[in-house]
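Let me begin by presenting the structure, written as structure tokens, before commenting on it.
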Amino acid sequence: MWITRLVAGAIVMGLVLVGGMAFRVWQVARIDDYTRADAIVVLGAAQYSGTPSSVFEARLYQAWRLYENGVAPRVITVGGKQEGDLYTEAASGKLYLEEKGVPSADILAVETGSDTLRSIEAVAATMHESGLSSAVLVSDPWHSLRTRTMARDAGLHAWTAPTRTGPAVYTRESQFHGIARETGALLWYQLTHFSADFPYEAGQ
């Protein structure tokens, strides 16, 4: 009998933990913090020969809006490239922002990072070397809590102002998938401090 109760208790505790984390992912996804920062950091996503995917373009457009509104004097794009790619995600993002009128001198491309954790660590190292300490992070809404957690763990003063457009927010299905995906990834990170970027299915 006690074994049954122990198992049932563990299941209930697990459900409470997962449910609470999912709620936090949803809660932080709703935050738009436009406090002034040293830099706007755009998390990379797929790009095709220098052209951002729709997911990445939505993030870059939000970063451009923040820059235009004076939230930070510089934008940092981040992300490496897949085998065979001509451009890194960071370089593709920089090209997009330059075409939107952001001066090249105000954009820093950190051309490394194959997942969220490596990208955040690369940005944090670059910012620390440049004497920068605060960042407003731009990604999809459901990605906000994990990126903020990782950035703070890397020693940055970080908050979020996610995109409100793009495939990540188009449908209820994409929103549910995003919350479920990020809940699992964040739990994994907090348990292991390793990254877990699960496949993105909301569209490209």
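Lettering and numbering for the structure tokens are positional, with chains as A, B, ... in the shown order, residues counted from 1 in each chain, and ligands counted from 1 in the shown order.
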Can you pull out the residues contacting A:Gly101? Cut-off 9 Å, using only C-alpha atoms, and skip same-chain residues under 4 positions away; I want them as an MDAnalysis selection string. chainID A and resid 64 96:97
Would you mind writing down, as a PyMOL selection string, each residue of stretch 55-99 of chain A that DSSP on the backbone assigns to strand (DSSP E or B)? chain A and resi 75-78
From atom CA of A:Lys94 to atom CA of A:Leu60 the spacing works out at 9.0 Å
From the list A:Thr160, A:Thr171, A:Ser104, A:Thr147, the nearest residue to A:Ala124 using only C-alpha atoms is A:Thr147
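Ranking A:Arg152, A:His157, A:His177, A:His143 by their shortest atom-to-atom distance to A:Ala29, with only C-alpha atoms included, puts A:His143 first.
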With only C-alpha atoms as the counted atoms, please give the residues lying no more than 10 Å from A:Lys81, apart from itself and same-chain residues fewer than 4 positions off, as number ranges by chain. A: 44-47, 85-92, 111-114
Same residues, C-alpha atoms, saved as an mmCIF file, in the first residue's frame:
```
data_model
loop_
_atom_site.group_PDB
_atom_site.id
_atom_site.type_symbol
_atom_site.label_atom_id
_atom_site.label_comp_id
_atom_site.auth_asym_id
_atom_site.auth_seq_id
_atom_site.Cartn_x
_atom_site.Cartn_y
_atom_site.Cartn_z
ATOM 1 C CA GLY A 44 18.947 33.293 -34.133
ATOM 2 C CA ALA A 45 16.733 30.953 -36.140
ATOM 3 C CA ALA A 46 16.817 29.391 -39.586
ATOM 4 C CA GLN A 47 18.009 31.432 -42.549
ATOM 5 C CA ASP A 85 25.283 27.313 -45.377
ATOM 6 C CA LEU A 86 26.825 30.426 -46.902
ATOM 7 C CA TYR A 87 25.713 32.702 -44.067
ATOM 8 C CA THR A 88 25.551 32.405 -40.311
ATOM 9 C CA GLU A 89 22.307 33.254 -38.566
ATOM 10 C CA ALA A 90 24.054 36.257 -37.019
ATOM 11 C CA ALA A 91 25.275 37.563 -40.391
ATOM 12 C CA SER A 92 21.853 37.038 -41.953
ATOM 13 C CA GLU A 111 28.609 34.277 -35.403
ATOM 14 C CA THR A 112 28.602 31.253 -33.153
ATOM 15 C CA GLY A 113 26.125 29.164 -31.243
ATOM 16 C CA SER A 114 24.308 26.063 -32.409
#
```
Test item, helix (DSSP H, G or I) assignment across chain A, answer as JSON, numbers by chain: {"A": [2, 3, 4, 5, 6, 7, 8, 9, 10, 11, 12, 13, 14, 15, 16, 17, 18, 19, 20, 21, 22, 23, 24, 25, 26, 27, 28, 29, 54, 55, 56, 57, 58, 59, 60, 61, 62, 63, 64, 65, 66, 67, 68, 89, 90, 91, 92, 93, 94, 95, 96, 97, 98, 99, 104, 105, 106, 116, 117, 118, 119, 120, 121, 122, 123, 124, 125, 126, 127, 128, 129, 141, 142, 143, 144, 145, 146, 147, 148, 149, 150, 151, 152, 153, 167, 168, 169, 172, 173, 174, 175, 176, 177, 178, 179, 180, 181, 182, 183, 184, 185, 186, 187, 188, 189, 190, 191, 192]}
Could those selected residues go to a file with C-alpha atoms, as a compact mmCIF listing (two decimals), in the first residue's frame?
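result-v2.txt, written as the output of this step:
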```
# COMPACT_ATOMS: atom_id res chain seq x y z
CA TRP A 2 2.77 2.44 0.91
CA ILE A 3 4.45 1.81 -2.43
CA THR A 4 1.23 2.74 -4.23
CA ARG A 5 0.95 5.93 -2.20
CA LEU A 6 4.59 6.77 -2.84
CA VAL A 7 4.18 6.32 -6.58
CA ALA A 8 0.93 8.31 -6.58
CA GLY A 9 2.58 11.08 -4.59
CA ALA A 10 5.53 11.21 -6.97
CA ILE A 11 3.18 11.43 -9.94
CA VAL A 12 1.20 14.25 -8.32
CA MET A 13 4.39 16.15 -7.45
CA GLY A 14 5.65 15.71 -11.00
CA LEU A 15 2.41 17.03 -12.44
CA VAL A 16 2.50 20.02 -10.08
CA LEU A 17 6.11 20.76 -11.07
CA VAL A 18 5.42 20.52 -14.80
CA GLY A 19 2.19 22.48 -14.50
CA GLY A 20 3.87 25.21 -12.49
CA MET A 21 6.71 25.47 -14.99
CA ALA A 22 4.27 25.63 -17.90
CA PHE A 23 2.43 28.45 -16.14
CA ARG A 24 5.71 30.37 -15.67
CA VAL A 25 6.55 29.91 -19.37
CA TRP A 26 3.12 31.31 -20.28
CA GLN A 27 3.39 34.11 -17.72
CA VAL A 28 6.84 35.38 -18.80
CA ALA A 29 5.80 35.07 -22.46
CA SER A 54 9.67 33.82 -41.12
CA VAL A 55 10.43 32.85 -37.51
CA PHE A 56 13.74 34.72 -37.58
CA GLU A 57 12.32 37.69 -39.47
CA ALA A 58 9.66 38.20 -36.80
CA ARG A 59 12.37 38.36 -34.14
CA LEU A 60 14.51 40.75 -36.19
CA TYR A 61 11.55 43.03 -36.88
CA GLN A 62 10.86 43.26 -33.15
CA ALA A 63 14.53 44.07 -32.50
CA TRP A 64 14.38 46.82 -35.13
CA ARG A 65 11.29 48.30 -33.46
CA LEU A 66 13.04 48.30 -30.09
CA TYR A 67 16.12 49.98 -31.60
CA GLU A 68 13.98 52.61 -33.30
CA GLU A 89 22.31 33.25 -38.57
CA ALA A 90 24.05 36.26 -37.02
CA ALA A 91 25.27 37.56 -40.39
CA SER A 92 21.85 37.04 -41.95
CA GLY A 93 20.28 38.99 -39.11
CA LYS A 94 22.79 41.80 -39.48
CA LEU A 95 22.03 42.10 -43.21
CA TYR A 96 18.29 42.32 -42.47
CA LEU A 97 18.77 45.06 -39.90
CA GLU A 98 21.08 47.04 -42.17
CA GLU A 99 18.43 46.91 -44.89
CA SER A 104 26.28 48.75 -39.38
CA ALA A 105 28.32 50.20 -36.51
CA ASP A 106 25.35 49.65 -34.18
CA THR A 116 20.15 28.52 -27.18
CA LEU A 117 22.65 27.87 -24.39
CA ARG A 118 25.75 28.19 -26.58
CA SER A 119 24.35 31.32 -28.19
CA ILE A 120 23.61 32.95 -24.84
CA GLU A 121 27.04 32.02 -23.50
CA ALA A 122 28.71 33.48 -26.61
CA VAL A 123 26.73 36.71 -26.29
CA ALA A 124 27.47 36.99 -22.57
CA ALA A 125 31.21 36.52 -23.16
CA THR A 126 31.20 39.14 -25.94
CA MET A 127 29.24 41.62 -23.84
CA HIS A 128 31.46 41.17 -20.80
CA GLU A 129 34.56 41.74 -22.97
CA PRO A 141 7.24 34.52 -26.49
CA TRP A 142 7.46 30.95 -25.21
CA HIS A 143 11.27 31.03 -25.46
CA SER A 144 11.49 34.04 -23.16
CA LEU A 145 11.75 32.38 -19.75
CA ARG A 146 14.48 29.97 -20.82
CA THR A 147 16.58 32.61 -22.57
CA ARG A 148 16.21 34.97 -19.61
CA THR A 149 17.17 32.22 -17.15
CA MET A 150 20.26 31.29 -19.16
CA ALA A 151 21.31 34.92 -19.65
CA ARG A 152 21.06 35.65 -15.94
CA ASP A 153 22.99 32.47 -15.16
CA PRO A 167 4.51 31.40 -36.80
CA ALA A 168 5.11 31.02 -33.05
CA VAL A 169 1.94 32.99 -32.28
CA ARG A 172 -3.54 27.96 -30.71
CA GLU A 173 -1.74 24.83 -31.86
CA SER A 174 1.58 26.64 -32.31
CA GLN A 175 1.15 28.35 -28.94
CA PHE A 176 0.44 25.05 -27.18
CA HIS A 177 3.39 23.41 -28.88
CA GLY A 178 5.66 26.30 -27.92
CA ILE A 179 4.66 26.16 -24.25
CA ALA A 180 5.04 22.37 -24.09
CA ARG A 181 8.39 22.51 -25.89
CA GLU A 182 9.81 25.21 -23.64
CA THR A 183 8.50 23.63 -20.44
CA GLY A 184 10.41 20.45 -21.22
CA ALA A 185 13.53 22.30 -22.36
CA LEU A 186 13.62 24.54 -19.29
CA LEU A 187 13.10 21.63 -16.88
CA TRP A 188 15.97 19.81 -18.58
CA TYR A 189 18.20 22.87 -18.34
CA GLN A 190 17.47 23.43 -14.67
CA LEU A 191 18.17 19.78 -13.89
CA THR A 192 21.35 19.43 -15.96
```
